[in-house]
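Take a look at the structure below.
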Amino acid sequence: MILLLQYTLIFASVLLLVALGGCFSEHSGVINIGLEGIMVMGALGGALMMKFLPDSTPAFLMILLVVLASLLLGMLYSLLLAVAAINFKADQTLVGTAMNLLGTAAATVFVKAMNTAESVDNVSSTIQYINAKKSFLVNIGGFEFNWFMLLAALALAGAYVSLYKTRFGLRLMACGEHPQAADSVGINVYKMRYAGVLISGMLGGLGGIVYITAGVSEWKFENGVAGFGFLALAVMIFGQWKPTRIALAALLFGFFRALGNVYSGFDFLKALNLPAAMYNMLPYIISLVVLAFTSKKSRAPKAEGVPYDKGQR
Amino acid sequence: MKKEKTSLLRNGAVQSLLASLLCILLGLLVGYIALLLINPAGANGAILAIVENFMTYSKSTAQLRYFGSTLVKTAPLLMCSLSVLFAYKVGLFNIGAAGQYVVGTGAALYCALGLKLPWFLCLIAAILAGAALGAVSGVLKAYCNVNEVISCIMLNWISLYAVNMLLTLVKEETSPYTFTLSSTNEGAILPSLGLGALFSKNQYVGLAIPLAILTAVLVWVLLEKTKLGYELKATGCNKFAAKYCGMRERKNLILTMAIAGGLAGMGAAMLFLTGFEQWQCTQSAVPAMGFNGIAAAFLGGLNPIGAIFSSYFIQHITNGGAYVDKTMYSSQISDFISALIIYLCGFVLFFKTALNAWLNRRDEKKAEKGGGGK
């Protein structure tokens with residue numbers, strides 16, 4: 001039971017972080033389909049940092065540096081989307097899709113090259129970080145508390161305050177609803193959209209490192225993040241683009257994802273004798289059903305996905 | 001003479017071609033830089049290996065044989081790219097081609113290995129399975145307003161796990177692979193039509209390739225020359241306007257996704273019914289074929305005929321990736337290059353606008369000069 005709670009919380013943290021990222025981007029008016037690729041890049045940054053820091057690094061410093069590396073790489077990678085979508089008015093879905101493929105491919109190429117450079121026989125696409133990972137965990141009576149859970153909670157609070165209580169957040173949201181109107185009162189729409197996309201890159205990158213360290217085993221980069229970026233988008237839509245509701249949605253989805261990891265620990269679930277693939281499918285099926293019921297009265301930002309053109313009325 | 005040159009640059013098809021070539025060149029260039037960064041010593045060899053693909057073999061029979069193998073995998077890729085571009089013409093982004101391809105595989109292989117049906121029934125089953133999955137996304141979009149990109153991604157993963165479960169029923173005891181067609185049901189192998197003999201007896205080359213090209217032509221005809229195609233495109237442009245004109249916009253949406261799904265499903269049958277590959281039932285990632293289809297569709301300028309060439313190119317470099325020196329690089333470098341190409345395709349619209357603006361400016365200047373001269 002504790003294990004279920006633990007996995008639910010950690011997967012919910014991933015979904016929450018990434019969905020909040022999507023939330024910032026979409027509120028500024030840019031659809032970020034590329035979250036999946038951003039997650040991979042953030043994960044790469046964090047994993048490299050863990051690999052190269054000596055094991056003796058104090059836990060606090062380790063966490064700080066790993067988080068910074070993920071934030072930074074995620075943010076840099078999201079620039080690809082920002083430049084294409086904001087300056088070049090590219091199709092956001094297309095660019096996002098390309099970023100997803102590119103993220104996984106680039107990370108795999110890079111990690112494999114790094115591994116083969118170290119030893120010619122090593123063609124795996126994993127990064128060793130088992131020891132460094134211990135810095136993130138605090139064992140409280142069988143429950144492995146992960147500092148990332150706290151970070152996710154902080155991100156939630158930060159997102160709520162910045163979106164609803166600050167001038168920046170309200171302006172950002174104005175750019176996603178009616179950029180022309182925002183521009184007419186002197187808000188720089190391009191700048192705001194850059195801010196939205198870059199923040200989503202940071203949160204997505206952070207989500208990525210949380211995701212790959214959530215499981216027990218080492219992560220193969222060629223697998224990408226198995227649709228988690230998209231699950232996060234589903235969470236965001238289910239949460240109606242509102243941070244608090246997104247948090248609840250993330251918990252729900254995190255729970256179903258966690259079931260796949262720990263179902264064998266429950267006698268009544270074991271007795272059902274369902275194949276493991278069923279549990280793997282579960283989060284995706286649930287999200288489809290949930291989307292089917294919630295998308296009708298969608299409260300999506302009105303101008304999302306539409307490139308801003310100053311000359312347009 | 002000069003006037004003719006201008007009009008040639010203004011031609012939409014020429015612009016698309018130029019844009020695609022530019023994407024390819026830039027994609028290869030960035031790929032080459034990545035190779036240089038990883039290991040400068042082998043970069044030249046590696047990029048050559050990718051571009052050369054089967055031409056690395058010195059014997060012409062071997063070249064021909066591996067050219068055939070590239071073509072065998074081009075056929076399903078072409079189908080996937082047709083699926084993507086068909087949906088895109090109707091305003092839908094069918095990222096679910098990957099999942100539709102997976103269920104197509106499941107249906108084709110189960111019918112062939114489990115039910116022992118002949119090849120044409122397997123092919124039809126694959127089309128129907130893909131179409132059904134596509135229709136699910138269509139229905140969700142039409143009636144529940146679910147973004148098709150998200151529903152497609154969810155369905156991709158659901159179908160992957162479902163097909164893994166289904167095909168476990170027809171897999172070999174000791175390996176994660178499904179039975180081979182030649183040992184279980186020879187009647188399910190697509191006829192070769194004597195084409196295999198042309199490619200140094202590559203028995204996998206056959207019906208799939210001409211069929212895929214024929215389908216590309218049919219898709220072009222459907223989109224450009226029929227009333228249905230016109231209605232579908234109109235729905236894509238503005239579904240409210242289409243509804244106002246008396247078109248049934250929901251039916252059109254669902255139909256589009258079903259056709260797109262059918263195309264991708266058929267593509268799967270075209271690969272797996274040749275016996276070229278077996279399905280691995282422990283597969284943990286959605287096959288790249290559907291995603292490469294997106295690359296091919298956009299690189300082909302969203303034109304079914306262009307897709308034939310772009311599909312071949314994408315498959316060519318994907319296969320070429322297998323020939324890079326594995327002690328220095330991984331074969332994923334070609335995935336990297338095709339992903340770059342998709343990304344660059346996002347700039348095509350900008351490229352065209354910029355080119356037209358430049359042409360306009362040049363014409364204006366010319367007109368001014370001409371006016372001053374008089």
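Just so we're on the same page: first chain in the structure tokens is A, next is B, and so on; residues restart at 1 for each chain, and ligands are numbered from 1 in the order they show up.
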> Using only C-alpha atoms, which chain A residues lie at most 6 Å away from chain B, written as a PyMOL selection string?
Replying inline: chain A and resi 90-91+95+98+101-102+105-106+109+113+120+277+281+284+292+295-296
> Near range 201-216 of chain B, counting only C-alpha atoms, which residues have an atom at most 8 Å away, once you skip same-chain residues fewer than 6 positions from it, shown as a list in words?
Replying inline: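 Contacts, with the query itself left out: Arg65, Gly68, Ser69, Leu71, Val72, Thr74, Ala75, Pro76, Leu78, Met79, Leu82, Leu190, Pro191, Ser192, Leu193, Gly194, Leu195, Gly267, Met270, Leu271, Thr274, Gly275, Phe276, Pro304, Ile305, Ala307 and Ile308 of chain B.
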> What lies within 10 Å of range 228-231 of chain B using only C-alpha atoms, ignoring chain neighbours under 2 positions off, as JSON, numbers by chain?
Replying inline: {"B": [86, 89, 90, 219, 220, 221, 222, 223, 224, 225, 226, 233, 234, 235, 236, 237, 242, 245, 247, 248, 249, 252, 256]}
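Between CA of Trp358 in chain B and CA of Leu28 in chain B the separation is 26.2 Å.
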>> From the options B:Gly370, B:Gly45, B:Gly99, B:Gly300, which residue's atoms come nearest to Ile24 in chain B, counting only C-alpha atoms?
In response: B:Gly300
>> To one decimal place in Å, what is the distance between CA of Thr61 in chain B and CA of Gln315 in chain B?
In response: 20.2 Å
> In range 92-149 of chain A, what's strand (DSSP E) per DSSP? Answer as a count of residues only?
Replying inline: 8
>> When you look at Val84 in chain B with a cut-off of 7 Å (counting only C-alpha atoms), what residues show up, excluding the ones that are within fewer than 6 positions of it in the same chain? I need them as a PyMOL selection string.
In response: chain B and resi 93-94+97+260+293-294+297
> Counting only C-alpha atoms, what is within 10 Å of Asn87 in chain A, bar same-chain residues fewer than 2 positions away, as a PyMOL selection string?
Replying inline: (chain A and resi 81-85+89-90+190+194+307-309) or (chain B and resi 350)
File dump, residues just selected, N, CA and C atoms, as a CSV table (one decimal), in the first residue's frame:
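selection02.csv was written with the following content:
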chain,number,residue,atom,x,y,z
A,81,LEU,N,11.4,25.2,-30.3
A,81,LEU,CA,9.9,25.5,-30.6
A,81,LEU,C,9.7,27.0,-30.6
A,82,ALA,N,10.3,27.7,-29.7
A,82,ALA,CA,10.0,29.1,-29.6
A,82,ALA,C,10.4,29.8,-30.8
A,83,VAL,N,11.6,29.6,-31.3
A,83,VAL,CA,12.0,30.3,-32.5
A,83,VAL,C,11.1,29.9,-33.7
A,84,ALA,N,10.8,28.6,-33.9
A,84,ALA,CA,10.1,28.2,-35.0
A,84,ALA,C,8.6,28.7,-35.0
A,85,ALA,N,8.0,28.6,-33.8
A,85,ALA,CA,6.6,28.9,-33.7
A,85,ALA,C,6.4,30.4,-33.6
A,89,LYS,N,6.5,31.5,-37.5
A,89,LYS,CA,5.1,31.2,-37.7
A,89,LYS,C,5.0,29.7,-38.2
A,90,ALA,N,5.8,28.8,-37.8
A,90,ALA,CA,5.7,27.4,-38.2
A,90,ALA,C,4.5,26.7,-37.6
A,190,TYR,N,5.4,38.8,-28.4
A,190,TYR,CA,6.5,37.9,-28.7
A,190,TYR,C,7.3,37.5,-27.5
A,194,TYR,N,7.6,33.9,-25.7
A,194,TYR,CA,9.0,33.3,-25.4
A,194,TYR,C,9.0,32.8,-24.0
A,307,PRO,N,-0.3,31.4,-34.8
A,307,PRO,CA,0.9,32.3,-34.8
A,307,PRO,C,0.4,33.8,-34.7
A,308,TYR,N,1.1,34.6,-34.0
A,308,TYR,CA,0.7,36.0,-33.8
A,308,TYR,C,1.3,36.8,-35.0
A,309,ASP,N,0.4,37.5,-35.6
A,309,ASP,CA,0.8,38.3,-36.7
A,309,ASP,C,0.4,39.7,-36.4
B,350,PHE,N,7.5,29.7,-44.2
B,350,PHE,CA,8.3,30.9,-44.1
B,350,PHE,C,9.2,31.1,-45.3
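In terms of minimum interatomic distance to Glu144 in chain A, A:Ala214 ranks closest within A:Ala214, A:Arg193, A:Lys310, A:Val40, counting only C-alpha atoms.
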> Looking only at the backbone, which of the residues in range 14-194 of chain A does DSSP tag as helix (DSSP H, G or I), as number ranges by chain?
Replying inline: A: 14-28, 35-52, 59-87, 92-118, 130-136, 147-165, 167-177, 179-184, 189-194
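Going from CA of Leu26 in chain B over to CA of Ala46 in chain B, you cover 16.6 Å.
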>> Neighbouring residues of Leu4 in chain A were defined as those with any atom within 10 Å, considering only C-alpha atoms; residues of the same chain fewer than 6 positions away were excluded. Please report them as a PyMOL selection string.
In response: chain A and resi 10+143+254-263+265-266
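Residues with any atom within 12 Å of Ser264 in chain A, counting only C-alpha atoms and excluding same-chain neighbours fewer than 4 positions away, are A:Met1, A:Leu3, A:Leu4, A:Ala258, A:Leu259, A:Gly260, A:Phe268, A:Leu269, A:Lys270, A:Ala271, A:Leu272, A:Asn273, A:Leu274, A:Pro275, A:Ala276, A:Tyr279.
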